[in-house]
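Novice: Handing over my_file-v4.cif, mmCIF, C-alpha atoms.
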```cif
data_structure
loop_
_atom_site.group_PDB
_atom_site.id
_atom_site.type_symbol
_atom_site.label_atom_id
_atom_site.label_comp_id
_atom_site.auth_asym_id
_atom_site.auth_seq_id
_atom_site.Cartn_x
_atom_site.Cartn_y
_atom_site.Cartn_z
ATOM 1 C CA MET A 175 34.808 103.849 115.744
ATOM 2 C CA TYR A 176 37.990 105.479 116.762
ATOM 3 C CA HIS A 177 41.328 105.150 118.411
ATOM 4 C CA LYS A 178 44.428 107.303 118.745
ATOM 5 C CA VAL A 179 47.816 106.913 120.372
ATOM 6 C CA VAL A 180 49.746 109.948 121.574
ATOM 7 C CA LEU A 181 53.248 109.471 122.924
ATOM 8 C CA VAL A 182 56.232 111.488 124.043
ATOM 9 C CA GLY A 183 59.374 109.422 124.293
ATOM 10 C CA ASN A 184 63.028 109.028 123.366
ATOM 11 C CA LEU A 185 64.584 106.973 120.607
ATOM 12 C CA GLY A 186 66.447 103.901 121.762
ATOM 13 C CA ARG A 187 68.541 103.716 118.575
ATOM 14 C CA ASP A 188 69.072 105.524 115.310
ATOM 15 C CA PRO A 189 66.097 105.302 112.930
ATOM 16 C CA GLU A 190 66.243 102.983 109.927
ATOM 17 C CA MET A 191 64.845 103.949 106.560
ATOM 18 C CA ARG A 192 63.911 101.449 103.856
ATOM 19 C CA TYR A 193 61.845 101.309 100.709
ATOM 20 C CA THR A 194 58.880 99.067 100.021
ATOM 21 C CA GLY A 195 58.511 97.122 96.797
ATOM 22 C CA ASP A 196 56.838 100.028 95.060
ATOM 23 C CA GLY A 197 59.446 102.531 96.208
ATOM 24 C CA THR A 198 57.594 104.029 99.162
ATOM 25 C CA PRO A 199 59.987 105.129 101.896
ATOM 26 C CA VAL A 200 59.343 103.966 105.440
ATOM 27 C CA THR A 201 61.381 104.874 108.496
ATOM 28 C CA SER A 202 61.244 102.756 111.616
ATOM 29 C CA PHE A 203 62.363 103.702 115.100
ATOM 30 C CA SER A 204 61.701 102.588 118.656
ATOM 31 C CA ILE A 205 60.816 104.971 121.427
ATOM 32 C CA ALA A 206 60.597 104.426 125.154
ATOM 33 C CA THR A 207 58.022 106.097 127.360
ATOM 34 C CA ASN A 208 59.113 106.038 131.009
ATOM 35 C CA GLU A 209 56.999 106.633 134.066
ATOM 36 C CA SER A 210 58.247 106.956 137.617
ATOM 37 C CA TRP A 211 56.114 107.271 140.659
ATOM 38 C CA THR A 212 56.116 106.682 144.373
ATOM 39 C CA ASN A 213 53.642 104.121 145.592
ATOM 40 C CA ARG A 214 51.646 104.240 148.781
ATOM 41 C CA ASP A 215 54.459 102.525 150.709
ATOM 42 C CA GLY A 216 56.860 105.257 149.650
ATOM 43 C CA GLN A 217 58.720 103.026 147.194
ATOM 44 C CA GLN A 218 59.973 104.314 143.877
ATOM 45 C CA GLN A 219 58.431 102.473 140.944
ATOM 46 C CA ASP A 220 59.421 102.601 137.283
ATOM 47 C CA ARG A 221 57.790 101.406 134.123
ATOM 48 C CA THR A 222 59.193 101.578 130.589
ATOM 49 C CA THR A 223 57.061 100.865 127.545
ATOM 50 C CA TRP A 224 58.606 100.351 124.116
ATOM 51 C CA TRP A 225 56.860 101.403 120.920
ATOM 52 C CA ARG A 226 57.916 100.594 117.340
ATOM 53 C CA ILE A 227 57.020 103.594 115.219
ATOM 54 C CA SER A 228 56.687 103.483 111.431
ATOM 55 C CA ALA A 229 56.680 106.714 109.463
ATOM 56 C CA TRP A 230 55.845 106.749 105.758
ATOM 57 C CA ARG A 231 56.598 108.860 102.686
ATOM 58 C CA ARG A 232 57.773 112.409 103.387
ATOM 59 C CA LEU A 233 57.428 111.811 107.087
ATOM 60 C CA ALA A 234 59.864 108.915 106.661
ATOM 61 C CA GLU A 235 62.446 111.168 105.072
ATOM 62 C CA THR A 236 62.084 113.901 107.683
ATOM 63 C CA CYS A 237 62.325 111.463 110.568
ATOM 64 C CA ASN A 238 65.349 109.734 109.088
ATOM 65 C CA GLN A 239 67.021 113.105 108.637
ATOM 66 C CA TYR A 240 66.328 114.658 112.020
ATOM 67 C CA LEU A 241 66.165 111.797 114.495
ATOM 68 C CA SER A 242 68.902 109.781 116.171
ATOM 69 C CA THR A 243 69.472 107.830 119.379
ATOM 70 C CA GLY A 244 68.189 109.863 122.300
ATOM 71 C CA SER A 245 66.033 112.242 120.261
ATOM 72 C CA GLN A 246 62.822 113.133 122.019
ATOM 73 C CA VAL A 247 59.670 113.048 119.917
ATOM 74 C CA LEU A 248 55.948 113.521 120.176
ATOM 75 C CA VAL A 249 54.174 110.944 118.056
ATOM 76 C CA GLU A 250 50.501 110.915 117.247
ATOM 77 C CA GLY A 251 49.474 107.746 115.504
ATOM 78 C CA ARG A 252 47.457 104.559 115.172
ATOM 79 C CA MET A 253 48.095 101.130 116.550
ATOM 80 C CA ASN A 254 49.007 98.589 113.910
ATOM 81 C CA PRO A 255 47.720 95.173 114.998
ATOM 82 C CA ASP A 256 47.923 91.752 113.421
ATOM 83 C CA PRO A 257 45.024 92.192 110.979
ATOM 84 C CA GLU A 258 43.841 88.625 111.543
ATOM 85 C CA THR A 259 43.492 88.731 115.313
ATOM 86 C CA GLY A 260 43.194 92.407 116.190
ATOM 87 C CA ASN A 261 45.923 91.733 118.763
ATOM 88 C CA PRO A 262 49.557 92.840 118.826
ATOM 89 C CA LYS A 263 51.793 91.359 116.144
ATOM 90 C CA THR A 264 53.900 88.496 117.475
ATOM 91 C CA PHE A 265 57.275 87.278 116.311
ATOM 92 C CA THR A 266 59.543 84.352 117.076
ATOM 93 C CA ARG A 267 62.993 85.079 118.405
ATOM 94 C CA ASN A 268 66.109 83.132 117.460
ATOM 95 C CA ASP A 269 65.813 81.160 120.673
ATOM 96 C CA GLY A 270 62.305 80.055 119.756
ATOM 97 C CA THR A 271 60.466 82.173 122.304
ATOM 98 C CA VAL A 272 57.609 84.348 121.137
ATOM 99 C CA GLY A 273 57.577 88.097 121.628
ATOM 100 C CA ALA A 274 55.174 90.869 120.735
ATOM 101 C CA SER A 275 55.525 94.583 120.154
ATOM 102 C CA TYR A 276 53.414 97.714 120.126
ATOM 103 C CA GLU A 277 53.570 98.900 116.532
ATOM 104 C CA VAL A 278 52.362 102.388 115.812
ATOM 105 C CA THR A 279 51.947 104.046 112.435
ATOM 106 C CA ALA A 280 52.789 107.715 112.800
ATOM 107 C CA LEU A 281 50.350 110.324 111.543
ATOM 108 C CA MET A 282 52.278 113.224 113.013
ATOM 109 C CA VAL A 283 55.740 113.546 114.531
ATOM 110 C CA LYS A 284 56.983 116.571 116.448
ATOM 111 C CA PHE A 285 60.717 116.814 117.119
ATOM 112 C CA LEU A 286 61.345 117.960 120.650
ATOM 113 C CA GLY A 287 65.142 117.877 120.681
ATOM 114 C CA ARG A 288 67.220 116.030 123.242
ATOM 115 C CA ARG A 289 67.173 116.160 126.967
ATOM 116 C CA GLY A 290 68.767 119.430 127.999
ATOM 117 C CA ASP A 291 68.433 121.021 124.570
ATOM 118 C CA GLU A 292 66.457 124.127 123.936
ATOM 119 C CA ALA A 293 63.063 122.886 122.819
ATOM 120 C CA GLY A 294 63.277 123.191 119.031
ATOM 121 C CA VAL A 295 59.877 122.307 117.740
ATOM 122 C CA ASP A 296 59.487 120.937 114.246
ATOM 123 C CA VAL A 297 56.322 119.293 113.159
ATOM 124 C CA ALA A 298 56.145 116.775 110.386
ATOM 125 C CA ARG A 299 52.939 115.225 109.184
ATOM 126 C CA ASP A 300 52.059 112.374 106.933
ATOM 127 C CA GLU A 301 49.737 114.314 104.660
ATOM 128 C CA GLN A 302 48.264 111.256 103.027
ATOM 129 C CA VAL A 303 46.969 109.683 106.231
ATOM 130 C CA PRO A 304 47.984 106.309 104.972
ATOM 131 C CA PRO A 305 45.713 103.471 106.063
ATOM 132 C CA GLU A 306 46.263 101.608 102.815
ATOM 133 C CA ALA A 307 50.014 101.599 103.274
ATOM 134 C CA GLU A 308 49.771 100.079 106.737
ATOM 135 C CA THR A 309 47.822 97.061 105.626
ATOM 136 C CA ASP A 310 50.066 96.041 102.766
ATOM 137 C CA ALA A 311 52.122 93.715 104.925
ATOM 138 C CA ASP A 312 53.775 91.990 101.979
ATOM 139 C CA SER A 313 55.416 95.175 100.842
ATOM 140 C CA ILE A 314 57.039 95.852 104.178
ATOM 141 C CA PRO A 315 60.625 94.670 103.914
ATOM 142 C CA PHE A 316 61.139 93.853 107.595
ATOM 143 C CA MET B 290 57.201 111.385 129.293
ATOM 144 C CA TYR B 291 53.702 111.116 128.083
ATOM 145 C CA GLU B 292 51.373 108.457 126.888
ATOM 146 C CA LYS B 293 47.674 108.664 126.139
ATOM 147 C CA ILE B 294 45.544 106.218 124.298
ATOM 148 C CA PHE B 295 42.041 107.152 123.200
ATOM 149 C CA LEU B 296 39.448 104.608 122.203
ATOM 150 C CA ALA B 297 35.833 104.720 121.134
ATOM 151 C CA GLY B 298 34.343 101.298 120.664
ATOM 152 C CA ASN B 299 31.893 98.654 121.821
ATOM 153 C CA LEU B 300 32.159 96.060 124.558
ATOM 154 C CA GLY B 301 32.525 92.529 123.296
ATOM 155 C CA ARG B 302 31.053 90.991 126.483
ATOM 156 C CA ASP B 303 29.634 92.010 129.819
ATOM 157 C CA PRO B 304 32.268 93.524 132.093
ATOM 158 C CA GLU B 305 33.639 91.424 134.939
ATOM 159 C CA MET B 306 34.335 92.900 138.329
ATOM 160 C CA ARG B 307 36.288 91.378 141.161
ATOM 161 C CA TYR B 308 38.140 92.481 144.275
ATOM 162 C CA THR B 309 41.838 92.248 145.017
ATOM 163 C CA PRO B 310 42.936 90.807 148.367
ATOM 164 C CA ASN B 311 43.131 94.436 149.600
ATOM 165 C CA GLY B 312 39.485 94.942 148.785
ATOM 166 C CA THR B 313 40.112 97.163 145.765
ATOM 167 C CA ALA B 314 37.569 96.796 142.980
ATOM 168 C CA VAL B 315 38.811 96.138 139.452
ATOM 169 C CA THR B 316 36.659 95.688 136.380
ATOM 170 C CA ASN B 317 37.788 94.127 133.120
ATOM 171 C CA PHE B 318 36.162 94.333 129.728
ATOM 172 C CA SER B 319 37.132 94.093 126.077
ATOM 173 C CA VAL B 320 36.480 96.841 123.579
ATOM 174 C CA ALA B 321 36.622 96.502 119.808
ATOM 175 C CA THR B 322 37.494 99.476 117.648
ATOM 176 C CA ASN B 323 36.330 98.804 114.077
ATOM 177 C CA GLU B 324 37.575 101.155 111.450
ATOM 178 C CA ARG B 325 36.683 101.190 107.776
ATOM 179 C CA TRP B 326 38.072 103.289 105.002
ATOM 180 C CA THR B 327 38.431 103.333 101.234
ATOM 181 C CA THR B 328 41.917 103.279 99.738
ATOM 182 C CA GLN B 329 43.041 105.496 96.922
ATOM 183 C CA ASP B 330 42.328 102.755 94.405
ATOM 184 C CA GLY B 331 38.787 102.361 95.653
ATOM 185 C CA GLN B 332 39.242 99.277 97.839
ATOM 186 C CA GLN B 333 37.314 98.911 101.041
ATOM 187 C CA GLN B 334 39.608 98.214 103.992
ATOM 188 C CA GLU B 335 38.668 97.254 107.489
ATOM 189 C CA ARG B 336 40.610 96.873 110.709
ATOM 190 C CA THR B 337 39.438 95.664 114.083
ATOM 191 C CA ILE B 338 41.588 96.054 117.165
ATOM 192 C CA TRP B 339 40.747 94.351 120.441
ATOM 193 C CA TRP B 340 41.646 96.157 123.649
ATOM 194 C CA ARG B 341 41.458 94.604 127.105
ATOM 195 C CA VAL B 342 40.555 97.423 129.430
ATOM 196 C CA LYS B 343 41.039 97.496 133.173
ATOM 197 C CA VAL B 344 39.353 100.016 135.485
ATOM 198 C CA TRP B 345 40.244 100.416 139.159
ATOM 199 C CA GLY B 346 38.635 101.699 142.308
ATOM 200 C CA SER B 347 35.215 103.257 142.643
ATOM 201 C CA GLN B 348 35.071 103.777 138.906
ATOM 202 C CA ALA B 349 35.295 99.991 138.539
ATOM 203 C CA GLU B 350 32.043 99.587 140.407
ATOM 204 C CA THR B 351 30.237 102.223 138.360
ATOM 205 C CA VAL B 352 31.487 100.726 135.109
ATOM 206 C CA SER B 353 30.363 97.279 136.141
ATOM 207 C CA GLN B 354 26.928 98.678 136.851
ATOM 208 C CA TYR B 355 26.398 100.732 133.715
ATOM 209 C CA LEU B 356 28.157 98.804 130.967
ATOM 210 C CA SER B 357 27.160 95.590 129.274
ATOM 211 C CA LYS B 358 27.894 93.709 126.099
ATOM 212 C CA GLY B 359 27.462 96.075 123.161
ATOM 213 C CA SER B 360 27.767 99.283 125.205
ATOM 214 C CA GLN B 361 29.599 102.004 123.384
ATOM 215 C CA VAL B 362 32.333 103.687 125.390
ATOM 216 C CA PHE B 363 34.944 106.382 125.080
ATOM 217 C CA ILE B 364 38.117 105.633 127.001
ATOM 218 C CA GLU B 365 41.315 107.470 127.758
ATOM 219 C CA GLY B 366 44.120 105.553 129.347
ATOM 220 C CA ARG B 367 47.589 104.109 128.992
ATOM 221 C CA MET B 368 49.071 100.820 127.959
ATOM 222 C CA ASP B 369 49.809 98.213 130.608
ATOM 223 C CA PRO B 370 52.907 96.430 129.315
ATOM 224 C CA ASP B 371 54.808 93.416 130.550
ATOM 225 C CA PRO B 372 57.179 95.144 132.990
ATOM 226 C CA GLU B 373 60.085 92.933 131.913
ATOM 227 C CA THR B 374 59.948 93.612 128.188
ATOM 228 C CA GLY B 375 58.100 96.914 127.955
ATOM 229 C CA GLY B 376 55.988 95.247 125.271
ATOM 230 C CA PRO B 377 52.662 93.398 125.200
ATOM 231 C CA ARG B 378 52.214 90.444 127.552
ATOM 232 C CA VAL B 379 52.575 87.159 125.747
ATOM 233 C CA TRP B 380 50.997 83.985 127.032
ATOM 234 C CA THR B 381 50.245 80.513 125.751
ATOM 235 C CA GLY B 382 46.633 79.643 125.029
ATOM 236 C CA ASN B 383 44.973 76.288 125.646
ATOM 237 C CA ASP B 384 45.823 75.337 122.096
ATOM 238 C CA GLY B 385 49.533 75.859 122.710
ATOM 239 C CA GLN B 386 49.624 78.975 120.526
ATOM 240 C CA ALA B 387 51.348 82.093 121.781
ATOM 241 C CA ARG B 388 49.026 85.077 122.111
ATOM 242 C CA ALA B 389 49.378 88.734 122.955
ATOM 243 C CA SER B 390 46.853 91.453 123.707
ATOM 244 C CA PHE B 391 46.593 95.213 124.011
ATOM 245 C CA GLU B 392 45.964 95.833 127.714
ATOM 246 C CA ILE B 393 44.881 99.292 128.757
ATOM 247 C CA VAL B 394 44.475 100.833 132.185
ATOM 248 C CA ALA B 395 41.645 103.326 131.834
ATOM 249 C CA ARG B 396 41.747 106.740 133.448
ATOM 250 C CA THR B 397 38.520 108.010 131.922
ATOM 251 C CA VAL B 398 35.505 105.968 130.875
ATOM 252 C CA LYS B 399 32.479 107.630 129.356
ATOM 253 C CA VAL B 400 29.368 105.853 128.196
ATOM 254 C CA VAL B 401 28.330 107.165 124.814
ATOM 255 C CA GLY B 402 25.809 106.203 122.167
ATOM 256 C CA ARG B 403 23.235 103.566 122.533
ATOM 257 C CA SER B 404 23.183 102.357 126.098
ATOM 258 C CA GLY B 405 21.979 105.217 128.256
ATOM 259 C CA GLY B 406 24.296 108.055 127.350
ATOM 260 C CA THR B 407 23.431 109.962 130.492
ATOM 261 C CA ALA B 408 25.721 107.860 132.683
ATOM 262 C CA ARG B 409 28.890 109.807 133.434
ATOM 263 C CA PHE B 410 32.077 108.866 135.171
ATOM 264 C CA ASP B 411 34.488 111.123 136.987
ATOM 265 C CA GLU B 412 37.967 111.259 135.607
ATOM 266 C CA LEU B 413 40.361 108.973 137.407
ATOM 267 C CA SER B 414 43.965 110.081 137.596
ATOM 268 C CA ASP B 415 46.966 107.780 137.721
ATOM 269 C CA GLU B 416 47.360 108.675 141.384
ATOM 270 C CA ASP B 417 44.059 106.973 142.087
ATOM 271 C CA ILE B 418 45.269 103.748 140.570
ATOM 272 C CA PRO B 419 46.339 101.524 143.446
ATOM 273 C CA PRO B 420 49.727 99.805 143.798
ATOM 274 C CA GLU B 421 48.240 96.427 142.835
ATOM 275 C CA ALA B 422 47.863 97.777 139.305
ATOM 276 C CA PHE B 423 51.605 98.102 139.020
ATOM 277 C CA PHE B 424 52.606 94.827 140.579
ATOM 278 C CA GLY B 425 51.442 92.695 137.700
ATOM 279 C CA GLU B 426 48.044 91.854 139.102
ATOM 280 C CA SER B 427 46.741 89.391 136.551
ATOM 281 C CA SER B 428 43.142 88.972 135.536
#
```
Could I get this structure in the form of structure tokens?
Specialist:
Amino acid sequence: MYHKVVLVGNLGRDPEMRYTGDGTPVTSFSIATNESWTNRDGQQQDRTTWWRISAWRRLAETCNQYLSTGSQVLVEGRMNPDPETGNPKTFTRNDGTVGASYEVTALMVKFLGRRGDEAGVDVARDEQVPPEAETDADSIPF
Amino acid sequence: MYEKIFLAGNLGRDPEMRYTPNGTAVTNFSVATNERWTTQDGQQQERTIWWRVKVWGSQAETVSQYLSKGSQVFIEGRMDPDPETGGPRVWTGNDGQARASFEIVARTVKVVGRSGGTARFDELSDEDIPPEAFFGESS
């Protein structure tokens, strides 16, 4: 079967690049997708969704080099669930409450520049299409 | 901004339809996407993701009529996050464990594959999705 996630959003913070145990680079960044609309009663509604994006190998290096807080990106990728449950990964915060996040492994990232910039379009792909990298949870350092 | 999620998978159970206090139909069902691949060192890998899909309006009624457990569907939609966190909704199960799920609001639902592939659904746009969908209507 099949699934795909396609997003256009802005980075909430600078990306962070790290290396797994076997030296594979991985860059992580969060993007927000915002929707605004007017409901039937004429009220303005807003919804923000946060996505944690992981980019691997050469894509990691390109993303780390070109992205920063506020950068707008197009990401095409796959959802990365908890492999045991098929549900989102959960984590425990310092205060003991449980949270969850949408984690996406990027297959392709297009750099769209910042709000107000001329649209400079760079496309970076993860040529290896890396399912095996995504499942090696032990090697992910965070 | 832009967000599209595409799924092709099978229903885990029969869909469930109900009506909101306004009389709007909403149908819920779960879809599993199972993906298998072989890694570079020859290992077989498998991943199943469970998606809880919500369909609104007249499409909800059609879906409820044409889909059943095992039906194969193609869906396009968007994520329905917890409005406070922007992330997945987290709740506590009967066993006291915290759980989260991928919740999707479907814009397009197409029946494909085994169960009567001639059934077609019109594309639903976000404008057709009623306000209840955005006010945290829980299933």
Novice: For chain A, report every residue with an atom at most 7 Å from chain B (counting all atoms listed in the file), formatted as a count of residues only.
Specialist: 29
Novice: For the atom pair CA of Tyr240 in chain A and CA of Leu286 in chain A, what is the interatomic distance in Å to one decimal place?
Specialist: 10.5 Å
Novice: Which value, in Å to one decimal, gives the distance between CA of Asp215 in chain A and CA of Val315 in chain B?
Specialist: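 Pair CA of Asp215 in chain A / CA of Val315 in chain B returns 20.3 Å.
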Novice: So what do you get for CA of Ala314 in chain B versus CA of Lys358 in chain B, distance-wise?
Specialist: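 Pair CA of Ala314 in chain B / CA of Lys358 in chain B returns 19.7 Å.
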Novice: For the structure provided, state which residues fall under the PyMOL selection byres ((chain A and resi 200) around 9), and present them as a ChimeraX atom specification.
Specialist: /A:190-194,198-199,201-202,228-235,314
Novice: Between B:Met306, B:Ser353, B:Leu300, B:Thr313, which has the minimum distance to Val401 in chain B (counting only C-alpha atoms)?
Specialist: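 Checking each candidate against Val401 in chain B, we get B:Leu300 as the closest.
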Novice: Report the residues retrieved by the PyMOL selection byres ((chain A and resi 250) around 6) from the displayed file, expressed as a PyMOL selection string.
Specialist: chain A and resi 179-180+249+251+280-282
Novice: Using all atoms of range 276-285 of chain A listed in the file and a margin of 4 Å per side, can you give the axis-aligned box centre and edge lengths in Å to one decimal, as JSON?
Specialist:
```
{"center_x": 55.5, "center_y": 107.3, "center_z": 115.8, "size_x": 18.4, "size_y": 27.1, "size_z": 16.6}
```
Novice: Please check which residues have atoms at most 6 Å from (33.9, 93.4, 131.9) in the file's coordinates, counting all atoms listed in the file, and write them as a compact mmCIF listing (two decimals) with C-alpha atoms, keeping the file's coordinate frame.
Specialist:
```txt
# COMPACT_ATOMS: atom_id res chain seq x y z
CA ASP B 303 29.63 92.01 129.82
CA PRO B 304 32.27 93.52 132.09
CA GLU B 305 33.64 91.42 134.94
CA THR B 316 36.66 95.69 136.38
CA ASN B 317 37.79 94.13 133.12
CA PHE B 318 36.16 94.33 129.73
```
Novice: Measuring between all atoms listed in the file, which one of B:Ile393, B:Asn383, B:Arg307, B:Gly346 shows the shortest distance to Val320 in chain B?
Specialist: B:Ile393
